[in-house]
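Here's the structure we're looking at; comments come further down.
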Amino acid sequence: MAAPATSKSRAPDASIVEVHTRYLRQMTLIRRFEEKAGEAYSLGKIGGFCHLYIGQEAVAVGVMAALRGDDYVIAAYREHGHALARGLSPRSVMAELFGKATGCSSGKGGSMHLFDREHRFMGGHGIVGGQIPLGAGIAFATKYQGGDQVCACFFGEAAANIGAFHEALNMASLWGLPVVFLCENNGYGMGTAVARASAVVDLSRKGTAYGMVAEAVDGQSVLAVRQAMDRAVVRARTEMQPTLLELRTYRYVGHSMSDAAHGTYRTKEEVEEYRRRDPINVLADQMRAGRYLDDVAFKALNDEVLAEVEDAYEFADRSADPDPSQLFADVYARGPGKVS
Amino acid sequence: MATITYRDALNQALREEMRRDDKVFLMGEEVGEYHGAYKVSRGLLEEFGAKRVIDTPIAELGFTGIGVGAAMVGLRPIIEMMTFNFALLAIDQIVNSAAKMRYMSGGQFGCPIVFRGPGGSALQLGAQHSQAFESWYAHIPGLKVVTPATPADAKGLLKSAIRDDDPVVFIEGEMLYNTKGEVPEDEYTIPLGKADIKRDGKDVTIVCHSKTVTQALKAAEQLATENIAAEVLDLRTIRPLDTDAILKSVAKTNRCVVAEEGWEFAGIGAQVVDVIQREIFDALDAPVLRVTGADVPMPYNKLLEKAAKVDAAKIIVAAKRVLYLA
């Protein structure tokens with residue numbers, strides 16, 4: 001990964017322009033997608049729980065950029081952004097949020113359970129920390145079969161307090177599994193601030209207990225995330241060693257759609273403070289400074305993304321519900337389970 | 001046919017399936033160097049090496065989840081629970097991950113995995129080490145639940161469980177490991193979901209599984225001396241439940257007792273009774289009775305423990321009551 005161009009005297013490298021533009025586009029896509037999802041939720045098009053990723057986009061985009069197509073990704077329930085950054089189509093993700101047959105999980109998963117075999121997207125998982133051992137298990141299978149794929153395993157910082165995290169990190173380190181544990185520290189587990197939940201607030205230190213290389217990363221800088229992930233991927237792919245990355249980020253929105261953005265557990269000022277280091281602006285400012293982004297180009301990119309999100313919304317809206325016959329499909333590998 | 005122990009029958013199944021398919025591996029506490037807490041995995045580390053016979057730290061939730069993750073991408077893990085009492089620590093991964101993976105992914109990711117180990121009542125191990133959990137797992141769509149009673153069934157059913165494309169909870173009878181029985185010399189499997197008549201009879205059906213099969217057979221023997229012909233129907237698989245076999249037997253005998261080591265409330269017997277009353281109500285000559293573990297945590301004291309556990313005498317009393325002889 002090349003460093004961003006800083007010199008005004010030199011035209012930026014074409015590949016840097018291409019790469020940064022791609023990151024900017026992906027982050028903007030996630031932002032606009034999530035705004036639209038929030039709108040659809042208010043209209044009753046999306047039901048149940050819906051956890052938006054607004055503010056954390058640099059993490060998913062920076063991590064995915066370091067992966068190969070045959071690597072694996074597993075995440076928690078705030079995973080719309082991860083799915084999009086991994087390359088799932090906005091149509092299939094939005095349709096899943098709408099519960100439609102055209103959704104990536106055929107309408108049976110919903111917001112918290114996005115899956116896609118083709119992209120090796122191994123799910124959104126709804127029990128805090130539950131996916132951490134699963135990620136280690138996917139990496140175990142890779143090693144068992146002599147492959148060189150890496151598993152990127154995302155979870156929120158609140159999951160670093162649960163047993164599954166500690167047990168998985170211990171075994172991943174003990175057995176040298178090619179997994180990268182990605183702790184997205186957005187400051188709050190629902191409404192509980194990190195310092196009220198964890199005796200150790202410098203969460204990357206939790207890797208030390210398991211002899212694991214760990215690093216705290218500026219999660220608002222997509223380039224910093226990409227660089228840290230590059231290092232972790234090399235460690236996993238070539239050295240069969242796991243890494244713990246703590247990605248320091250922030251969500252602007254509430255924990256879920258039923259939670260106000262601020263009020264009971266954090267102040268409006270705090271949210272505004274973090275918005276000043278918005279991950280999209282951080283990269284856009286860098287690109288402007290390097291003179292390979294201007295307002296016209298940024299607006300064009302945004303318009304393009306808006307059209308894509310609009311298309312996804314319309315696709316989801318007009319898609320059919322799953323056929324009622326699907327109720328009993330896929331409980332078991334062969335036919336419905338006979339209970340009695 | 002060779003006469004071998006239940007323990008050795010399970011060992012043969014593991015060995016044969018690991019030889020047949022290199023995607024099969026065994027993971028759990030003490031399964032390797034120690035040969036398993038109940039010696040079921042004796043010799044497997046020596047034959048298959050540490051790559052496929054994996055000793056874990058004491059971390060049921062973690063290694064169960066690792067198994068489920070490995071199964072999602074095509075391996076066929078066998079996760080040994082030192083006992084199912086400890087599987088409570090892993091039940092989130094069994095219920096929320098393994099059982100639901102295929103459904104919530106819209107059929108994209110299956111989970112061909114076996115969770116196996118001893119369950120049921122033991123001998124003076126007290127409240128936390130002596131309990132039956134099959135009804136817990138049988139409650140969950142997406143899981144299959146198997147509870148073999150004999151060495152031959154243990155081997156044939158475990159081989160089928162390992163080859164199955166769905167998650168199977170395979171609960172071995174903790175008190176059965178040393179029991180002996182004939183096991184075919186040639187390779188065989190027993191399909192999941194098929195009950196087995198362990199003894200023919202015409203007067204009363206005793207539905208049972210795992211250790212209660214032994215007790216039901218003993219009861220049937222005693223009843224025979226009093227000219228009562230009890231049919232012993234071993235469920236073998238709890239989910240999917242072989243309702244056809246249950247209905248066929250009870251339609252013949254018109255009377256039924258359901259025995260299980262677990263507690264009465266929401267137990268396996270409740271489901272069996274429901275099916276019978278719903279499907280063949282008119283065939284019944286008496287209400288179906290249940291023999292279950294007493295509704296208490298298992299006591300340590302020998303006398304109290306005996307009072308809490310199912311035995312042949314309690315089955316005999318129930319059988320006589322449905323025959324209006326007691």
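Letters A, B, ... go to the chains of the structure tokens in the order shown; residues in each chain start at 1; ligands are counted from 1 in the same order.
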Contact check, chain A to chain B, at most 6 Å, counting only C-alpha atoms, closest pairs as a Markdown table:
```
| residue | atom | partner | partner_atom | distance |
| --- | --- | --- | --- | --- |
| A:Ser105 | CA | B:Gly106 | CA | 4.5 |
| A:Ser106 | CA | B:Gly106 | CA | 5.1 |
| A:Lys108 | CA | B:Met104 | CA | 5.4 |
| A:Gly109 | CA | B:Met104 | CA | 4.5 |
| A:Phe115 | CA | B:Ser105 | CA | 5.4 |
| A:Pro133 | CA | B:Gly65 | CA | 4.7 |
| A:Leu134 | CA | B:Gly69 | CA | 4.0 |
| A:Ala136 | CA | B:Ile66 | CA | 5.7 |
| A:Gly137 | CA | B:Ile66 | CA | 3.6 |
| A:Ile138 | CA | B:Gly69 | CA | 4.8 |
| A:Ala141 | CA | B:Ala70 | CA | 5.0 |
| A:Ala164 | CA | B:Gly62 | CA | 5.6 |
| A:Glu167 | CA | B:Gly62 | CA | 5.0 |
| A:Ala168 | CA | B:Gly62 | CA | 5.3 |
| A:Asp330 | CA | B:Tyr103 | CA | 5.0 |
| A:Val331 | CA | B:Gly142 | CA | 5.2 |
| A:Tyr332 | CA | B:Gly142 | CA | 5.8 |
| A:Lys338 | CA | B:Pro240 | CA | 5.4 |
| A:Val339 | CA | B:Pro240 | CA | 5.5 |
```
Env of range 123-133 of chain B: 12 Å cut, atoms = only C-alpha atoms, seq-sep filter 4 positions within chain, self excluded. Answer as a CSV table (one decimal) with C-alpha atoms, in the first residue's frame.
```
chain,number,residue,atom,x,y,z
B,82,MET,CA,-16.3,-34.6,28.4
B,83,THR,CA,-19.8,-34.8,29.6
B,84,PHE,CA,-23.0,-33.1,28.4
B,85,ASN,CA,-23.1,-31.3,31.8
B,86,PHE,CA,-20.3,-29.2,30.5
B,87,ALA,CA,-22.0,-28.6,27.1
B,88,LEU,CA,-24.2,-26.1,28.8
B,91,ILE,CA,-25.1,-24.5,24.2
B,117,GLY,CA,-20.1,-37.4,24.9
B,118,PRO,CA,-21.8,-39.0,27.9
B,119,GLY,CA,-25.1,-37.8,29.4
B,137,TYR,CA,-31.6,-30.3,22.3
B,138,ALA,CA,-34.6,-32.1,20.9
B,139,HIS,CA,-36.6,-28.9,21.3
B,145,VAL,CA,-30.5,-35.9,18.6
B,146,VAL,CA,-29.3,-39.5,19.0
B,147,THR,CA,-29.2,-41.6,22.2
B,169,VAL,CA,-26.2,-34.1,19.2
B,170,PHE,CA,-25.1,-37.7,20.1
B,171,ILE,CA,-25.6,-38.4,23.8
B,172,GLU,CA,-23.9,-41.6,25.1
B,173,GLY,CA,-25.1,-43.2,28.2
B,174,GLU,CA,-22.6,-42.5,30.9
B,175,MET,CA,-23.4,-45.8,32.7
B,176,LEU,CA,-23.3,-47.8,29.4
B,209,HIS,CA,-34.0,-44.7,25.1
B,210,SER,CA,-30.4,-44.8,26.2
B,211,LYS,CA,-30.1,-46.3,29.7
B,212,THR,CA,-33.8,-46.8,30.3
B,238,ILE,CA,-35.1,-38.6,19.6
B,260,GLU,CA,-36.7,-41.5,30.4
B,261,GLU,CA,-33.9,-40.5,32.8
B,262,GLY,CA,-34.7,-36.8,32.4
B,263,TRP,CA,-37.1,-34.7,34.4
B,264,GLU,CA,-40.9,-35.0,33.7
B,266,ALA,CA,-41.4,-30.8,29.0
B,267,GLY,CA,-39.5,-34.1,28.7
B,268,ILE,CA,-39.3,-36.5,25.8
B,292,THR,CA,-39.0,-40.1,34.8
B,293,GLY,CA,-36.3,-38.9,37.0
B,294,ALA,CA,-37.6,-37.2,40.2
B,295,ASP,CA,-38.2,-33.5,39.9
B,296,VAL,CA,-35.1,-32.6,42.0
B,297,PRO,CA,-31.4,-31.9,41.4
B,298,MET,CA,-29.7,-35.3,41.7
B,299,PRO,CA,-28.8,-36.0,45.4
B,300,TYR,CA,-25.5,-37.5,46.4
B,301,ASN,CA,-26.7,-39.8,49.1
B,302,LYS,CA,-27.1,-43.3,47.8
B,303,LEU,CA,-30.6,-43.9,49.0
B,304,LEU,CA,-31.8,-40.6,47.9
B,305,GLU,CA,-30.2,-41.0,44.5
B,306,LYS,CA,-31.9,-44.4,44.1
B,308,ALA,CA,-34.6,-40.0,42.3
B,309,LYS,CA,-33.5,-42.3,39.5
B,310,VAL,CA,-35.6,-44.4,37.0
```
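Counting only C-alpha atoms and comparing A:Ala160, A:Ser15, A:Phe181, A:Ser173, the residue that lies closest to Val73 in chain A is A:Phe181.
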Applying 6 Å and only C-alpha atoms, which residues near Pro151 in chain B remain after dropping the ones on its own chain fewer than 6 positions away? List them as a compact mmCIF listing (two decimals) with N, CA, C and O atoms, in the first residue's frame.
```txt
# COMPACT_ATOMS: atom_id res chain seq x y z
N TYR B 6 -19.67 -51.03 24.71
CA TYR B 6 -20.25 -49.81 24.13
C TYR B 6 -19.11 -48.82 23.82
O TYR B 6 -19.06 -48.21 22.76
N ALA B 9 -17.22 -50.00 20.82
CA ALA B 9 -18.03 -49.85 19.61
C ALA B 9 -17.95 -48.40 19.10
O ALA B 9 -17.83 -48.15 17.90
N GLY B 181 -22.13 -56.07 24.18
CA GLY B 181 -23.15 -56.58 23.27
C GLY B 181 -22.52 -57.02 21.97
O GLY B 181 -21.35 -56.71 21.69
```
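All residues in range 135-315 of chain A with a DSSP state of strand (DSSP E), computed from the backbone, read Cys151, Ala152, Cys153, Phe154, Phe155, Gly156, Val179, Val180, Phe181, Leu182, Cys183, Glu184, Asn185, Tyr188, Gly189, Thr192, Ala193, Val213, Ala214, Glu215, Ala216, Val217, Asp218, Thr243, Leu244, Leu245, Glu246, Leu247 and Arg248 of chain A.
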| message | Please compute the CA of Ala219 in chain B-CA of Phe281 in chain B distance, one decimal, in Å. | response | 25.6 Å
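The residue set within 12 Å of range 259-262 of chain A, counting only C-alpha atoms and dropping same-chain residues fewer than 2 places from it, reads Phe49, Cys50, His51, Leu52, Ile54, Gly55, Tyr188, Met190, Gly191, Tyr250, Arg251, Tyr252, Val253, Gly254, His255, Ser256, Met257, Thr264, Tyr265, Arg266, Thr267, Lys268, Glu269, Glu270, Val271 and Glu272 of chain A.
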| request: Using DSSP on the backbone coordinates, identify the residues of range 203-263 of chain B assigned to alpha helix (DSSP H); present them as a VMD selection string. | output: chain B and resid 211 to 224 243 to 253
Using N, CA, C and O atoms, can you export the residues from the last selection as a CSV table (one decimal), in the first residue's frame?
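Writing the result to out-v2.csv gives the following:
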```csv
chain,number,residue,atom,x,y,z
B,211,LYS,N,-30.1,-45.4,28.6
B,211,LYS,CA,-30.1,-46.3,29.7
B,211,LYS,C,-31.4,-47.0,30.1
B,211,LYS,O,-31.4,-48.1,30.6
B,212,THR,N,-32.5,-46.2,29.9
B,212,THR,CA,-33.8,-46.8,30.3
B,212,THR,C,-34.1,-48.0,29.4
B,212,THR,O,-35.0,-48.8,29.8
B,213,VAL,N,-33.5,-48.2,28.3
B,213,VAL,CA,-33.7,-49.5,27.5
B,213,VAL,C,-33.3,-50.7,28.3
B,213,VAL,O,-34.0,-51.7,28.4
B,214,THR,N,-32.1,-50.6,28.9
B,214,THR,CA,-31.6,-51.7,29.8
B,214,THR,C,-32.6,-52.0,30.9
B,214,THR,O,-33.0,-53.1,31.2
B,215,GLN,N,-33.1,-50.9,31.5
B,215,GLN,CA,-34.1,-51.1,32.6
B,215,GLN,C,-35.4,-51.6,32.1
B,215,GLN,O,-36.0,-52.4,32.8
B,216,ALA,N,-35.8,-51.2,30.9
B,216,ALA,CA,-37.1,-51.7,30.4
B,216,ALA,C,-37.0,-53.1,30.0
B,216,ALA,O,-38.0,-53.9,30.2
B,217,LEU,N,-35.8,-53.6,29.5
B,217,LEU,CA,-35.7,-55.0,29.2
B,217,LEU,C,-35.7,-55.8,30.5
B,217,LEU,O,-36.3,-56.9,30.5
B,218,LYS,N,-35.1,-55.3,31.5
B,218,LYS,CA,-35.1,-56.0,32.8
B,218,LYS,C,-36.6,-56.1,33.3
B,218,LYS,O,-37.0,-57.1,33.8
B,219,ALA,N,-37.3,-55.0,33.2
B,219,ALA,CA,-38.7,-54.9,33.6
B,219,ALA,C,-39.5,-55.9,32.8
B,219,ALA,O,-40.3,-56.7,33.4
B,220,ALA,N,-39.3,-56.0,31.5
B,220,ALA,CA,-40.0,-56.9,30.6
B,220,ALA,C,-39.8,-58.3,31.0
B,220,ALA,O,-40.7,-59.2,31.0
B,221,GLU,N,-38.6,-58.6,31.4
B,221,GLU,CA,-38.2,-60.0,31.8
B,221,GLU,C,-39.0,-60.4,33.0
B,221,GLU,O,-39.6,-61.5,33.1
B,222,GLN,N,-39.1,-59.5,34.0
B,222,GLN,CA,-39.8,-59.7,35.2
B,222,GLN,C,-41.3,-59.8,34.9
B,222,GLN,O,-42.0,-60.7,35.5
B,223,LEU,N,-41.8,-58.9,34.1
B,223,LEU,CA,-43.2,-58.9,33.8
B,223,LEU,C,-43.6,-60.3,33.1
B,223,LEU,O,-44.7,-60.8,33.3
B,224,ALA,N,-42.7,-60.8,32.3
B,224,ALA,CA,-43.0,-62.1,31.6
B,224,ALA,C,-43.2,-63.2,32.6
B,224,ALA,O,-44.0,-64.1,32.3
B,243,THR,N,-42.2,-41.6,14.9
B,243,THR,CA,-43.6,-41.7,15.3
B,243,THR,C,-44.3,-42.9,14.8
B,243,THR,O,-45.2,-43.5,15.5
B,244,ASP,N,-44.0,-43.3,13.6
B,244,ASP,CA,-44.6,-44.4,13.0
B,244,ASP,C,-44.4,-45.7,13.8
B,244,ASP,O,-45.3,-46.5,14.1
B,245,ALA,N,-43.2,-45.9,14.3
B,245,ALA,CA,-42.9,-47.0,15.1
B,245,ALA,C,-43.7,-47.0,16.4
B,245,ALA,O,-44.2,-48.0,16.9
B,246,ILE,N,-43.7,-45.8,17.0
B,246,ILE,CA,-44.5,-45.6,18.3
B,246,ILE,C,-45.9,-46.0,18.1
B,246,ILE,O,-46.5,-46.8,18.8
B,247,LEU,N,-46.5,-45.4,17.1
B,247,LEU,CA,-48.0,-45.6,16.8
B,247,LEU,C,-48.3,-47.0,16.5
B,247,LEU,O,-49.3,-47.6,17.0
B,248,LYS,N,-47.4,-47.7,15.7
B,248,LYS,CA,-47.6,-49.0,15.3
B,248,LYS,C,-47.6,-50.0,16.5
B,248,LYS,O,-48.5,-50.8,16.7
B,249,SER,N,-46.7,-49.7,17.4
B,249,SER,CA,-46.6,-50.6,18.6
B,249,SER,C,-47.8,-50.4,19.5
B,249,SER,O,-48.4,-51.3,20.0
B,250,VAL,N,-48.1,-49.1,19.8
B,250,VAL,CA,-49.2,-48.8,20.8
B,250,VAL,C,-50.5,-49.2,20.2
B,250,VAL,O,-51.4,-49.7,20.9
B,251,ALA,N,-50.7,-49.1,18.9
B,251,ALA,CA,-51.9,-49.6,18.2
B,251,ALA,C,-52.1,-51.1,18.5
B,251,ALA,O,-53.2,-51.6,18.5
B,252,LYS,N,-51.0,-51.8,18.6
B,252,LYS,CA,-51.0,-53.2,18.8
B,252,LYS,C,-51.3,-53.6,20.3
B,252,LYS,O,-52.1,-54.4,20.6
B,253,THR,N,-50.6,-52.9,21.2
B,253,THR,CA,-50.7,-53.2,22.6
B,253,THR,C,-51.8,-52.5,23.4
B,253,THR,O,-52.2,-52.9,24.4
```
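By only C-alpha atoms, and with residues fewer than 4 positions from range 300-315 of chain A along its chain excluded, the set lying at most 7 Å from it is Arg25, Thr28, Leu29, Arg32, Phe33, Pro90, Arg91, Met94, Val296 and Ser319 of chain A.
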| Computed interatomic separation between CA of Leu157 in chain B and CA of Arg236 in chain B (Å) | 8.4 Å
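Excluding Ala152 in chain B itself and same-chain residues fewer than 6 positions from it, the residues having an atom within 12 Å of it are Met1, Ala2, Thr3, Ile4, Thr5, Tyr6, Arg7, Asp8, Ala9, Leu10, Asn11, Gln12, Ala13, Leu158, Lys159, Thr179, Lys180, Gly181, Glu182, Val183, Pro184, Glu185, Asp186, Glu187, Tyr188, Thr189, Ile190, Asp196 and Arg236 of chain B, counting only C-alpha atoms.
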| task | Between CA of Leu14 in chain B and CA of Val168 in chain B, measure the distance and give it in Å to one decimal. | result | 14.6 Å
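Taking only C-alpha atoms, the non-local environment of Ala320 in chain A within 8 Å (same-chain residues fewer than 6 positions away omitted) comprises Lys100, Ala101 and Thr102 of chain A.
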